[in-house]
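Working notes, structure below.
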Amino acid sequence: MIKLKDVRKTFNSGKPNEFVAVEKLSLSLDAEKTTVLMGPSGSGKTTLLSLIGCMARPTSGRIWLSGKEITSLPERFLTELRRTTFGFVFQHLNLIKGITALENTMLPSYPLGEKHAALKKRGMELFTRFGIASKANEKTESLSGGEAQRVAIVRALMNNPSVIIADEPTAHLDTRLSGELLEIFSRLKDEGRTLLISSHDPMVCQSVLVDRVINIRDGKIEEERS
Amino acid sequence: MIFHPTILALFTGSIIVSFMILYSASYAVQILRKWDLKSGSELQLVLERKTYLISTLLAYAFVFQLLSFFLFIFSADQLHTFFVGAMCAAGSLYVNSYGYPTLIFKLVNFLLAGVWLIFNRVDNTGYDYPLIKKKYWFFMLLVPLILFETWLQGNYFLRLNPDIITSCCGTLFSADSNPVASELSSISSINFIMIFFYATVSLAVISGVIFFLKGKGAGFFSGVSILAFITSAVSIFSFISLYIYEMPTHHCPFCMLQQEYGYIGYPLYLTLLGGTILGTSVGILSPFKKIESLSRTLPSLLRKLALVSAGLFFAFLCIVTIRILLSNLILNG
Amino acid sequence: MKNWIDRQKNIIDFTLSSLFRRKGKNIALVSVFTLVVLLLSSVMFFTYSFRKEASIIMEDAPEMVVQRTVAGRHEMIPVSYIKIIQDIAGVQEVKARLWGYYYDPVTGANFTLMVSDEFPLEDGTITVGEGVSRVRLIYEGDWVEFKAYNGEIFELEVVDFLSVESGLVSSDIILITENDFRRLFGTTEEYATDLILRVRNPREITTVAIKVAELLPDTRQILREELLRTYDAVFNWRGGLLIVILTGSLLAFIIFAWDKASGLSADERREIGILKAIGWETSDIILMKFWEGLVVSLSSFLMGIILGYIHVFFIRSALFQPVLKGWAVLYPHFNLTPFINGAQVASLFFLTVVPFTVATIIPSWRAAIIDPDTVMR
């Protein structure tokens with residue numbers, strides 16, 4: 001479903017602080033499978049997630065999404081593609097402060113011109129599904145870590161994407177909450193979604209829902225396990 | 001120079017627009033030379049980002065351009081009290097030799113700016129910037145025109161001195177002082193012009209509707225729109241004005257913007273100009289229907305444009321006809 | 001199309017909430033903008049309604065005034081000229097006018113003394129304007145001392161006052177009888193201050209004026225239209241001058257606007273990064289910034305205009321009076337009748353909202369091109 005070939009990503013090219021984040025990487029991800037990217041910080045995991053999730057363009061190499069090459073698509077089209085295909089759960093959650101949890105989750109759909117009422121309904125359905133319906137109209141600052149995590153997941157699911165990308169999702173969670181999170185991911189996988197998770201948490205890597213683990217170091221793939 | 005607030009506003013507006021245009025032109029040149037969608041290079045990324053800026057700047061600049069056209073006429077009209085013999089904008093514009101040229105350039109730029117805005121809108125609907133180079137070439141064509149217009153307008157305002165005796169539209173547009181006017185106002189030519197007027201504008205309406213229904217004849221429709229515009233302009237001058245003022249000798253195209261005639265000039269000109277801009281755009285954009293990224297949205301957009309354009313021409317026709325029917329003037333026995 | 005409307009609505013919704021979340025900065029911006037619009041609109045409203053008032057008052061004024069000039073200065077005119085002018089074709093009526101200035105050493109004010117048929121008086125009595133009574137502290141029944149041309153002192157009794165509402169034109173006027181006038185200034189019966197004319201057909205006025213000039217070469221003819229034009233010019237000039245001066249403050253405001261728009265706080269940057277990461281396009285951000293600018297500028301514009309209106313028409317433009325009216329001792333109290341027109345509002349829009357909007361375009365764009373993957377780090 002997602003294919004990368006000889007992808008390279010360089011930052012600040014030509015300048016003294018030139019930095020190669022990802023080096024001639026080739027990778028193929030199957031649909032409806034759960035993949036974990038493992039590796040220390042600075043290994044290029046996050047960059048790889050950006051590239052796969054159409055958030056950044058590679059310096060060289062090629063990328064295909066569902067058979068269509070997206071390497072040199074202009075930003076405009078990439079964004080369109082991204083918002084309907086991918087749902088992101090960021091490491092630091094990145095919820096906007098000062099607005100309610102529900103409003104946060106409706107944001108990805110705003111530019112698509114959907115009716116406000118319809119978005120609210122959909123949001124509330126998802127909130128109920130994840131057991132945080134009572135928190136819908138609370139401001140983000142008053143949410144606990146676990147609740148915020150779920151809000152972030154609901155936001156990622158608003159546009160019904162086929163791929164969920166999660167960056168270090170259990171980094172700030174305790175064991176119990178981590179377990180709950182993996183439960184949620186399992187449910188998403190059962191719905192037929194493709195999951196891509198970056199983590200160095202053994203609990204995640206050894207979880208039963210994971211189909212494949214890829215080790216990354218210094219921008220290159222070290223080993224793979226299934 | 002007259003320190004009238006409206007003049008100051010137009011002055012400021014024009015200078016701002018000119019700066020925006022020049023700034024945009026410098027980047028437009030870069031885009032025209034180096035744009036290459038296929039390359040993923042840093043430069044291309046920068047250019048893509050830049051084009052958002054230029055697009056935005058130009059959209060603003062051209063909208064101001066549209067507004068300032070009407071403001072210019074309005075202010076010329078307001079200024080007539082300063083000049084002996086001037087009763088409306090016609091007299092104010094005649095005060096120095098820059099008045100009428102400014103008006104003409106403003107009109108031309110109004111039409112071109114309107115078409116460019118539509119062009120830009122269409123380009124933005126295609127995910128791979130299909131018309132970008134053409135769009136910026138078109139823009140480069142407009143640059144000298146707008147800069148020249150700013151210069152003309154500046155000169156016009158700077159050389160305005162109150163109390164200069166000028167001509168009222170009565171003498172400017174009257175049959176004896178103006179040979180063209182006398183040609184256009186003889187009764188037999190009025191009849192001919194009226195027939196031609198109704199024929200072309202009706203044809204514009206009909207061909208617009210046909211294009212909307214069948215999707216054929218874009219070029220024809222555009223051509224007729226432009227023809228209808230020219231005919232209408234002549235007709236306003238030649239006989240429509242007579243019916244509005246209910247005087248067989250008053251041909252002025254500006255007095256109808258004043259309160260005493262119910263500001264009828266505004267709906268008249270707005271519908272005519274709107275219809276012309278949209279109609280012209282249809283023809284210009286029609287060849288691009290085949291481009292892949294536009295093939296989904298452009299055909300239906302063009303049809304909508306044609307329909308609106310036909311509607312505007314129709315409205316224009318109605319306003320004119322109703323005014324003629326209600327008028328107390330009888331020209332032909 | 002419906003889609004487009006909903007998209008705008010959604011984005012406006014978010015824009016409003018984000019404006020409210022950054023109250024401090026936006027309140028500052030709106031306040032300054034409103035102040036600028038208040039100043040500019042006050043100037044425009046004031047000068048325009050003044051001009052309108054003047055033209056309305058002038059409607060009843062005589063079409064032509066004939067004055068005699070000697071060595072370029074205005075002199076008393078022989079009443080015998082009336083006969084000569086009456087014979088000119090098209091002249092409907094010619095009348096002599098008696099008026100003059102009286103310098104009052106007590107207050108340092110110049111009063112205008114006038115003989116008027118409309119306000120009949122008896123010898124020995126006067127009617128005074130509102131400004132005169134205020135400045136000289138005279139009330140009904142009081143006697144006022146006048147010093148005649150030959151040093152003779154005599155007193156006149158105040159029997160009536162001119163209305164306060166007519167203050168714009170009558171504030172400094174003292175109405176007096178013809179006999180008292182001639183006694184005060186020493187003008188003999190053969191002379192008057194000037195002559196006023198009415199013509200049958202207003203379009204003929206220039207022709208008549210030319211005739212008068214031919215027959216009476218020592219006179220000048222002042223046309224009502226010329227007076228109106230001159231008033232117009234003066235007020236435009238003064239009004240425009242003020243606007244030019246205020247350009248300084250406008251410029252400062254634009255720089256302020258640019259600065260505020262460019263100075264994205266870390267929070268704002270983060271927010272935009274998040275929006276881009278969750279699927280907002282660059283053009284969506286630009287749209288959001290556009291609405292932000294529009295909300296700020298339109299609300300400031302409206303508030304500024306309303307406040308300007310109140311300032312000019314309700315509290316008598318307290319801020320500007322000294323500049324626009326010149327040095328007058330006898331300053332009339334009056335309320336201007338509100339006159340505004342669309343062109344003024346449009347010009348104001350061009351002078352304020354437009355530069356503001358332009359100043360925010362580039363900073364908005366810079367904000368909009370923030371890389372989405374900055375939030376990944």
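We name chains A, B, ... following the order of the structure tokens; residues begin at 1 in each chain, and ligands are numbered from 1 as shown.
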Chain A residues near chain B (9 Å cut-off, only C-alpha atoms) as a VMD selection string: chain A and resid 13 57 to 60 71 to 78
Same residues, N, CA and C atoms, output as an mmCIF file, in the first residue's frame:
```
data_model
loop_
_atom_site.group_PDB
_atom_site.id
_atom_site.type_symbol
_atom_site.label_atom_id
_atom_site.label_comp_id
_atom_site.auth_asym_id
_atom_site.auth_seq_id
_atom_site.Cartn_x
_atom_site.Cartn_y
_atom_site.Cartn_z
ATOM 1 N N SER A 13 20.493 21.416 3.269
ATOM 2 C CA SER A 13 21.522 20.967 2.326
ATOM 3 C C SER A 13 22.325 22.147 1.819
ATOM 4 N N ARG A 57 8.430 16.237 1.728
ATOM 5 C CA ARG A 57 8.830 15.636 0.449
ATOM 6 C C ARG A 57 10.270 15.162 0.536
ATOM 7 N N PRO A 58 10.555 14.020 -0.055
ATOM 8 C CA PRO A 58 11.930 13.506 0.025
ATOM 9 C C PRO A 58 12.870 14.322 -0.847
ATOM 10 N N THR A 59 14.121 14.364 -0.448
ATOM 11 C CA THR A 59 15.124 15.063 -1.252
ATOM 12 C C THR A 59 15.406 14.286 -2.526
ATOM 13 N N SER A 60 15.430 12.978 -2.383
ATOM 14 C CA SER A 60 15.536 12.144 -3.586
ATOM 15 C C SER A 60 14.890 10.798 -3.295
ATOM 16 N N THR A 71 5.677 11.382 -5.119
ATOM 17 C CA THR A 71 6.952 12.008 -4.765
ATOM 18 C C THR A 71 6.964 13.516 -5.004
ATOM 19 N N SER A 72 6.587 13.923 -6.211
ATOM 20 C CA SER A 72 6.764 15.343 -6.496
ATOM 21 C C SER A 72 5.438 16.072 -6.626
ATOM 22 N N LEU A 73 4.438 15.556 -5.968
ATOM 23 C CA LEU A 73 3.169 16.275 -5.997
ATOM 24 C C LEU A 73 3.300 17.575 -5.226
ATOM 25 N N PRO A 74 2.712 18.626 -5.719
ATOM 26 C CA PRO A 74 2.812 19.898 -5.002
ATOM 27 C C PRO A 74 2.116 19.805 -3.651
ATOM 28 N N GLU A 75 2.512 20.671 -2.789
ATOM 29 C CA GLU A 75 2.033 20.660 -1.413
ATOM 30 C C GLU A 75 0.516 20.639 -1.334
ATOM 31 N N ARG A 76 -0.106 21.377 -2.241
ATOM 32 C CA ARG A 76 -1.554 21.471 -2.245
ATOM 33 C C ARG A 76 -2.204 20.099 -2.359
ATOM 34 N N PHE A 77 -1.711 19.334 -3.280
ATOM 35 C CA PHE A 77 -2.309 18.039 -3.498
ATOM 36 C C PHE A 77 -1.948 17.068 -2.389
ATOM 37 N N LEU A 78 -0.707 17.166 -1.914
ATOM 38 C CA LEU A 78 -0.281 16.307 -0.821
ATOM 39 C C LEU A 78 -1.189 16.488 0.387
#
```
Output as a PyMOL selection string the set of chain B residues within 9 Å of chain C, with distances taken over only C-alpha atoms. chain B and resi 2-10+12-13+16+20+49-50+52-53+56-57+60-61+64+68+71+74-75+78+81-84+162-163
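The space separating atom CA of A:Phe185 from atom CA of A:Thr170 comes to 11.8 Å.
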Excluding same-chain residues fewer than 5 positions from stretch 102-111 of chain C, what lies within 12 Å of it counting only C-alpha atoms, as a VMD selection string? chain C and resid 128 to 137 144 to 149 170 to 176 181 184 to 185 327 to 331
Using only C-alpha atoms, determine which residues of chain C fall within 12 Å of chain A; present them as a PyMOL selection string. chain C and resi 1-22+267-288+369-377
What does the file look like for those residues with N, CA and C atoms, as a short mmCIF file (atom, residue, chain, number, x, y, z; two decimals), in the first residue's frame?
```cif
data_model
loop_
_atom_site.label_atom_id
_atom_site.label_comp_id
_atom_site.auth_asym_id
_atom_site.auth_seq_id
_atom_site.Cartn_x
_atom_site.Cartn_y
_atom_site.Cartn_z
N MET C 1 -20.93 25.24 -4.10
CA MET C 1 -21.15 26.59 -3.54
C MET C 1 -21.51 26.53 -2.06
N LYS C 2 -22.42 25.58 -1.74
CA LYS C 2 -22.82 25.44 -0.34
C LYS C 2 -21.61 25.04 0.48
N ASN C 3 -20.84 24.11 -0.14
CA ASN C 3 -19.61 23.65 0.47
C ASN C 3 -18.71 24.82 0.82
N TRP C 4 -18.60 25.74 -0.13
CA TRP C 4 -17.73 26.89 0.04
C TRP C 4 -18.20 27.74 1.21
N ILE C 5 -19.50 27.93 1.30
CA ILE C 5 -20.03 28.74 2.39
C ILE C 5 -19.73 28.09 3.74
N ASP C 6 -19.96 26.76 3.80
CA ASP C 6 -19.70 26.07 5.06
C ASP C 6 -18.23 26.14 5.43
N ARG C 7 -17.40 26.05 4.42
CA ARG C 7 -15.97 26.14 4.68
C ARG C 7 -15.65 27.50 5.30
N GLN C 8 -16.20 28.57 4.70
CA GLN C 8 -15.95 29.91 5.25
C GLN C 8 -16.48 29.98 6.68
N LYS C 9 -17.66 29.45 6.88
CA LYS C 9 -18.26 29.53 8.22
C LYS C 9 -17.39 28.84 9.25
N ASN C 10 -16.92 27.63 8.89
CA ASN C 10 -16.07 26.90 9.82
C ASN C 10 -14.79 27.69 10.16
N ILE C 11 -14.18 28.21 9.10
CA ILE C 11 -12.93 28.91 9.33
C ILE C 11 -13.15 30.20 10.13
N ILE C 12 -14.26 30.89 9.84
CA ILE C 12 -14.56 32.09 10.61
C ILE C 12 -14.76 31.72 12.08
N ASP C 13 -15.44 30.60 12.31
CA ASP C 13 -15.68 30.13 13.66
C ASP C 13 -14.36 30.00 14.40
N PHE C 14 -13.41 29.33 13.77
CA PHE C 14 -12.12 29.15 14.43
C PHE C 14 -11.37 30.47 14.57
N THR C 15 -11.48 31.32 13.55
CA THR C 15 -10.81 32.62 13.60
C THR C 15 -11.30 33.44 14.78
N LEU C 16 -12.61 33.49 14.95
CA LEU C 16 -13.16 34.27 16.06
C LEU C 16 -12.66 33.74 17.39
N SER C 17 -12.68 32.38 17.52
CA SER C 17 -12.24 31.84 18.79
C SER C 17 -10.76 32.15 19.02
N SER C 18 -9.98 32.13 17.95
CA SER C 18 -8.55 32.40 18.17
C SER C 18 -8.30 33.88 18.44
N LEU C 19 -9.15 34.76 17.89
CA LEU C 19 -9.02 36.19 18.20
C LEU C 19 -9.30 36.42 19.68
N PHE C 20 -10.35 35.74 20.17
CA PHE C 20 -10.70 35.94 21.57
C PHE C 20 -9.67 35.36 22.51
N ARG C 21 -8.97 34.33 22.04
CA ARG C 21 -7.97 33.74 22.90
C ARG C 21 -6.74 34.62 23.05
N ARG C 22 -6.60 35.55 22.12
CA ARG C 22 -5.45 36.45 22.24
C ARG C 22 -5.98 37.86 22.41
N ASP C 267 3.26 30.37 20.80
CA ASP C 267 1.96 29.70 20.84
C ASP C 267 1.26 29.70 19.50
N GLU C 268 1.28 30.88 18.87
CA GLU C 268 0.61 30.99 17.58
C GLU C 268 1.27 30.13 16.54
N ARG C 269 2.61 30.14 16.55
CA ARG C 269 3.33 29.32 15.58
C ARG C 269 2.97 27.87 15.76
N ARG C 270 2.92 27.48 17.00
CA ARG C 270 2.63 26.08 17.30
C ARG C 270 1.24 25.73 16.80
N GLU C 271 0.31 26.64 17.06
CA GLU C 271 -1.06 26.40 16.62
C GLU C 271 -1.17 26.22 15.13
N ILE C 272 -0.49 27.10 14.41
CA ILE C 272 -0.55 26.99 12.95
C ILE C 272 0.12 25.70 12.49
N GLY C 273 1.22 25.36 13.14
CA GLY C 273 1.88 24.10 12.81
C GLY C 273 0.94 22.93 12.99
N ILE C 274 0.19 22.96 14.10
CA ILE C 274 -0.74 21.87 14.37
C ILE C 274 -1.82 21.83 13.30
N LEU C 275 -2.35 22.99 12.97
CA LEU C 275 -3.40 23.03 11.95
C LEU C 275 -2.90 22.43 10.64
N LYS C 276 -1.68 22.78 10.28
CA LYS C 276 -1.14 22.26 9.03
C LYS C 276 -0.91 20.76 9.13
N ALA C 277 -0.50 20.33 10.33
CA ALA C 277 -0.24 18.91 10.48
C ALA C 277 -1.53 18.11 10.41
N ILE C 278 -2.63 18.66 10.90
CA ILE C 278 -3.86 17.87 10.90
C ILE C 278 -4.64 18.03 9.60
N GLY C 279 -4.07 18.74 8.65
CA GLY C 279 -4.69 18.73 7.33
C GLY C 279 -5.09 20.09 6.76
N TRP C 280 -4.76 21.18 7.42
CA TRP C 280 -5.07 22.49 6.84
C TRP C 280 -4.01 22.84 5.83
N GLU C 281 -4.48 23.37 4.71
CA GLU C 281 -3.55 23.73 3.66
C GLU C 281 -3.05 25.15 3.85
N THR C 282 -2.00 25.50 3.15
CA THR C 282 -1.49 26.87 3.22
C THR C 282 -2.59 27.87 2.90
N SER C 283 -3.37 27.57 1.87
CA SER C 283 -4.42 28.52 1.50
C SER C 283 -5.50 28.62 2.58
N ASP C 284 -5.70 27.54 3.34
CA ASP C 284 -6.67 27.62 4.45
C ASP C 284 -6.17 28.56 5.53
N ILE C 285 -4.85 28.48 5.80
CA ILE C 285 -4.29 29.38 6.81
C ILE C 285 -4.37 30.82 6.34
N ILE C 286 -4.05 31.04 5.07
CA ILE C 286 -4.13 32.40 4.52
C ILE C 286 -5.56 32.90 4.64
N LEU C 287 -6.52 32.02 4.37
CA LEU C 287 -7.93 32.39 4.49
C LEU C 287 -8.26 32.78 5.92
N MET C 288 -7.75 31.99 6.86
CA MET C 288 -8.00 32.29 8.27
C MET C 288 -7.43 33.66 8.63
N ILE C 369 3.11 29.52 5.71
CA ILE C 369 3.99 28.53 5.09
C ILE C 369 4.80 27.75 6.12
N ILE C 370 4.40 27.86 7.37
CA ILE C 370 5.09 27.08 8.41
C ILE C 370 5.00 25.60 8.06
N ASP C 371 6.12 24.93 8.18
CA ASP C 371 6.19 23.52 7.84
C ASP C 371 5.37 22.66 8.80
N PRO C 372 4.52 21.79 8.29
CA PRO C 372 3.74 20.96 9.20
C PRO C 372 4.59 20.05 10.06
N ASP C 373 5.73 19.61 9.52
CA ASP C 373 6.43 18.65 10.36
C ASP C 373 7.27 19.29 11.46
N THR C 374 7.11 20.61 11.66
CA THR C 374 7.75 21.21 12.84
C THR C 374 7.10 20.68 14.12
N VAL C 375 5.83 20.30 14.01
CA VAL C 375 5.17 19.84 15.24
C VAL C 375 5.51 18.40 15.57
N MET C 376 6.18 17.76 14.61
CA MET C 376 6.53 16.38 14.87
C MET C 376 7.74 16.32 15.80
N ARG C 377 8.43 17.43 15.88
CA ARG C 377 9.69 17.40 16.65
C ARG C 377 9.50 17.92 18.05
#
```
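Atom pair atom CA of C:His311 / atom CA of C:Phe45: separated by 9.6 Å.
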Within 7 Å of A:Leu196 using only C-alpha atoms, minus same-chain residues under 3 positions, as number ranges by chain: A: 34-36, 164-166
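Here atom CA of A:Thr10 is placed at a distance of 27.8 Å from atom CA of B:Ile54.
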Using DSSP on the backbone, list every residue of stretch 121-348 of chain C that comes out as helix (DSSP H, G or I), and give them as a ChimeraX atom specification. /C:130-136,167-170,178-185,202-215,224-262,266-277,282-313,321-325,342-348
Test item: residues at most 9 Å from stretch 27-36 of chain C, only C-alpha atoms, excluding those fewer than 2 positions along its chain, as a ChimeraX atom specification: /C:22-25,38-41,246,249-250,253,256-257,260,296-297,299-305,307,352,356
Give me, as a PDB file with N, CA, C and O atoms, in the first residue's frame, all polymer residues having an atom no more than 7 Å from B:Phe237, counting only C-alpha atoms and skipping those fewer than 6 positions away in the same chain.
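See selection34.pdb below for the written result:
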```pdb
ATOM      1  N   HIS B 251     -26.623  63.491 -23.745  1.00  0.00           N
ATOM      2  CA  HIS B 251     -26.029  62.187 -24.040  1.00  0.00           C
ATOM      3  C   HIS B 251     -25.048  61.710 -22.992  1.00  0.00           C
ATOM      4  O   HIS B 251     -24.424  60.678 -23.155  1.00  0.00           O
ATOM      5  N   CYS B 252     -24.880  62.474 -21.945  1.00  0.00           N
ATOM      6  CA  CYS B 252     -23.779  62.192 -21.028  1.00  0.00           C
ATOM      7  C   CYS B 252     -23.873  60.822 -20.361  1.00  0.00           C
ATOM      8  O   CYS B 252     -24.909  60.472 -19.817  1.00  0.00           O
ATOM      9  N   PRO B 253     -22.800  60.035 -20.380  1.00  0.00           N
ATOM     10  CA  PRO B 253     -22.841  58.721 -19.732  1.00  0.00           C
ATOM     11  C   PRO B 253     -22.627  58.774 -18.226  1.00  0.00           C
ATOM     12  O   PRO B 253     -22.715  57.755 -17.555  1.00  0.00           O
TER      13      PRO B 253
END
```
Tell me, which residues of stretch 69-174 of chain C carry DSSP strand (DSSP E), written as number ranges by chain? C: 69-70, 73-75, 77-78, 91-97, 99-104, 109-114, 125-128, 143-147, 153-161, 173-174
Would you output that residue set with N, CA and C atoms, as a short mmCIF file (atom, residue, chain, number, x, y, z; two decimals), in the first residue's frame?
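Ended up saving to selection.cif:
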```
data_model
loop_
_atom_site.label_atom_id
_atom_site.label_comp_id
_atom_site.auth_asym_id
_atom_site.auth_seq_id
_atom_site.Cartn_x
_atom_site.Cartn_y
_atom_site.Cartn_z
N THR C 69 -15.02 99.27 -6.01
CA THR C 69 -13.63 99.16 -5.53
C THR C 69 -12.84 100.38 -5.96
N VAL C 70 -12.04 100.90 -5.05
CA VAL C 70 -11.12 102.00 -5.34
C VAL C 70 -9.73 101.54 -4.96
N ARG C 73 -9.55 98.20 -3.25
CA ARG C 73 -10.22 97.95 -1.97
C ARG C 73 -11.69 98.31 -2.05
N HIS C 74 -12.47 97.63 -1.23
CA HIS C 74 -13.91 97.80 -1.23
C HIS C 74 -14.28 99.17 -0.65
N GLU C 75 -15.10 99.92 -1.43
CA GLU C 75 -15.55 101.24 -1.00
C GLU C 75 -17.06 101.32 -1.05
N ILE C 77 -20.69 102.35 -2.21
CA ILE C 77 -21.14 102.44 -3.61
C ILE C 77 -22.27 103.47 -3.73
N PRO C 78 -22.26 104.30 -4.77
CA PRO C 78 -23.32 105.30 -4.94
C PRO C 78 -24.65 104.60 -5.20
N VAL C 91 -32.41 91.69 -15.40
CA VAL C 91 -32.32 91.99 -13.98
C VAL C 91 -33.71 92.13 -13.42
N GLN C 92 -33.98 91.37 -12.35
CA GLN C 92 -35.31 91.40 -11.78
C GLN C 92 -35.41 92.45 -10.68
N GLU C 93 -34.37 92.51 -9.86
CA GLU C 93 -34.45 93.39 -8.70
C GLU C 93 -33.06 93.83 -8.29
N VAL C 94 -32.95 95.10 -7.89
CA VAL C 94 -31.67 95.61 -7.36
C VAL C 94 -31.97 96.32 -6.06
N LYS C 95 -31.17 95.99 -5.03
CA LYS C 95 -31.40 96.67 -3.75
C LYS C 95 -30.08 97.10 -3.16
N ALA C 96 -30.17 98.15 -2.35
CA ALA C 96 -28.96 98.60 -1.67
C ALA C 96 -28.85 97.89 -0.34
N ARG C 97 -27.62 97.58 0.10
CA ARG C 97 -27.41 96.94 1.40
C ARG C 97 -26.54 97.81 2.24
N TRP C 99 -24.21 97.52 5.55
CA TRP C 99 -23.64 96.72 6.61
C TRP C 99 -22.19 97.15 6.80
N GLY C 100 -21.63 96.80 7.97
CA GLY C 100 -20.24 97.17 8.22
C GLY C 100 -19.72 96.49 9.47
N TYR C 101 -18.44 96.72 9.77
CA TYR C 101 -17.84 96.10 10.94
C TYR C 101 -17.65 97.12 12.03
N TYR C 102 -17.92 96.73 13.22
CA TYR C 102 -17.69 97.62 14.35
C TYR C 102 -16.74 96.93 15.31
N TYR C 103 -15.62 97.56 15.56
CA TYR C 103 -14.64 96.96 16.48
C TYR C 103 -14.98 97.35 17.91
N ASP C 104 -15.17 96.39 18.77
CA ASP C 104 -15.53 96.65 20.15
C ASP C 104 -14.28 96.54 21.03
N ALA C 109 -13.62 92.07 19.97
CA ALA C 109 -14.35 91.37 18.92
C ALA C 109 -14.80 92.34 17.84
N ASN C 110 -14.99 91.80 16.63
CA ASN C 110 -15.56 92.57 15.53
C ASN C 110 -17.01 92.18 15.36
N PHE C 111 -17.90 93.12 15.54
CA PHE C 111 -19.30 92.80 15.29
C PHE C 111 -19.66 93.20 13.87
N THR C 112 -20.61 92.49 13.29
CA THR C 112 -21.11 92.88 11.97
C THR C 112 -22.42 93.60 12.19
N LEU C 113 -22.48 94.87 11.76
CA LEU C 113 -23.72 95.63 11.89
C LEU C 113 -24.46 95.59 10.59
N MET C 114 -25.75 95.31 10.66
CA MET C 114 -26.53 95.15 9.43
C MET C 114 -27.86 95.85 9.52
N THR C 125 -32.99 101.19 18.80
CA THR C 125 -32.99 99.82 19.32
C THR C 125 -32.17 98.91 18.40
N ILE C 126 -31.69 97.80 18.99
CA ILE C 126 -30.94 96.82 18.19
C ILE C 126 -31.37 95.40 18.56
N THR C 127 -31.12 94.50 17.61
CA THR C 127 -31.28 93.05 17.86
C THR C 127 -29.88 92.45 17.74
N VAL C 128 -29.49 91.61 18.70
CA VAL C 128 -28.13 91.08 18.63
C VAL C 128 -28.11 89.56 18.46
N TRP C 143 -28.61 98.40 27.71
CA TRP C 143 -28.20 99.44 26.78
C TRP C 143 -26.74 99.23 26.44
N VAL C 144 -26.41 99.34 25.11
CA VAL C 144 -25.03 99.16 24.67
C VAL C 144 -24.51 100.49 24.17
N GLU C 145 -23.28 100.80 24.54
CA GLU C 145 -22.63 102.05 24.11
C GLU C 145 -21.93 101.86 22.79
N PHE C 146 -22.09 102.84 21.90
CA PHE C 146 -21.36 102.80 20.63
C PHE C 146 -20.64 104.12 20.45
N LYS C 147 -19.49 104.05 19.84
CA LYS C 147 -18.75 105.27 19.54
C LYS C 147 -18.83 105.52 18.06
N ILE C 153 -20.59 109.52 21.43
CA ILE C 153 -20.99 108.27 22.09
C ILE C 153 -22.50 108.25 22.21
N PHE C 154 -23.14 107.16 21.81
CA PHE C 154 -24.57 107.06 22.07
C PHE C 154 -24.92 105.62 22.39
N GLU C 155 -26.12 105.49 22.99
CA GLU C 155 -26.52 104.17 23.45
C GLU C 155 -27.72 103.65 22.67
N LEU C 156 -27.70 102.32 22.51
CA LEU C 156 -28.84 101.68 21.83
C LEU C 156 -29.37 100.58 22.73
N GLU C 157 -30.70 100.41 22.72
CA GLU C 157 -31.30 99.42 23.60
C GLU C 157 -31.48 98.08 22.88
N VAL C 158 -31.12 96.99 23.60
CA VAL C 158 -31.28 95.65 23.02
C VAL C 158 -32.72 95.20 23.24
N VAL C 159 -33.45 94.96 22.14
CA VAL C 159 -34.85 94.56 22.29
C VAL C 159 -35.09 93.11 21.89
N ASP C 160 -34.15 92.49 21.18
CA ASP C 160 -34.41 91.12 20.74
C ASP C 160 -33.08 90.41 20.47
N PHE C 161 -33.18 89.08 20.36
CA PHE C 161 -31.99 88.27 20.05
C PHE C 161 -32.25 87.39 18.85
N ILE C 173 -23.73 89.12 14.66
CA ILE C 173 -24.49 90.18 13.99
C ILE C 173 -25.25 91.06 14.97
N ILE C 174 -25.27 92.37 14.67
CA ILE C 174 -26.14 93.30 15.37
C ILE C 174 -27.01 93.96 14.31
#
```
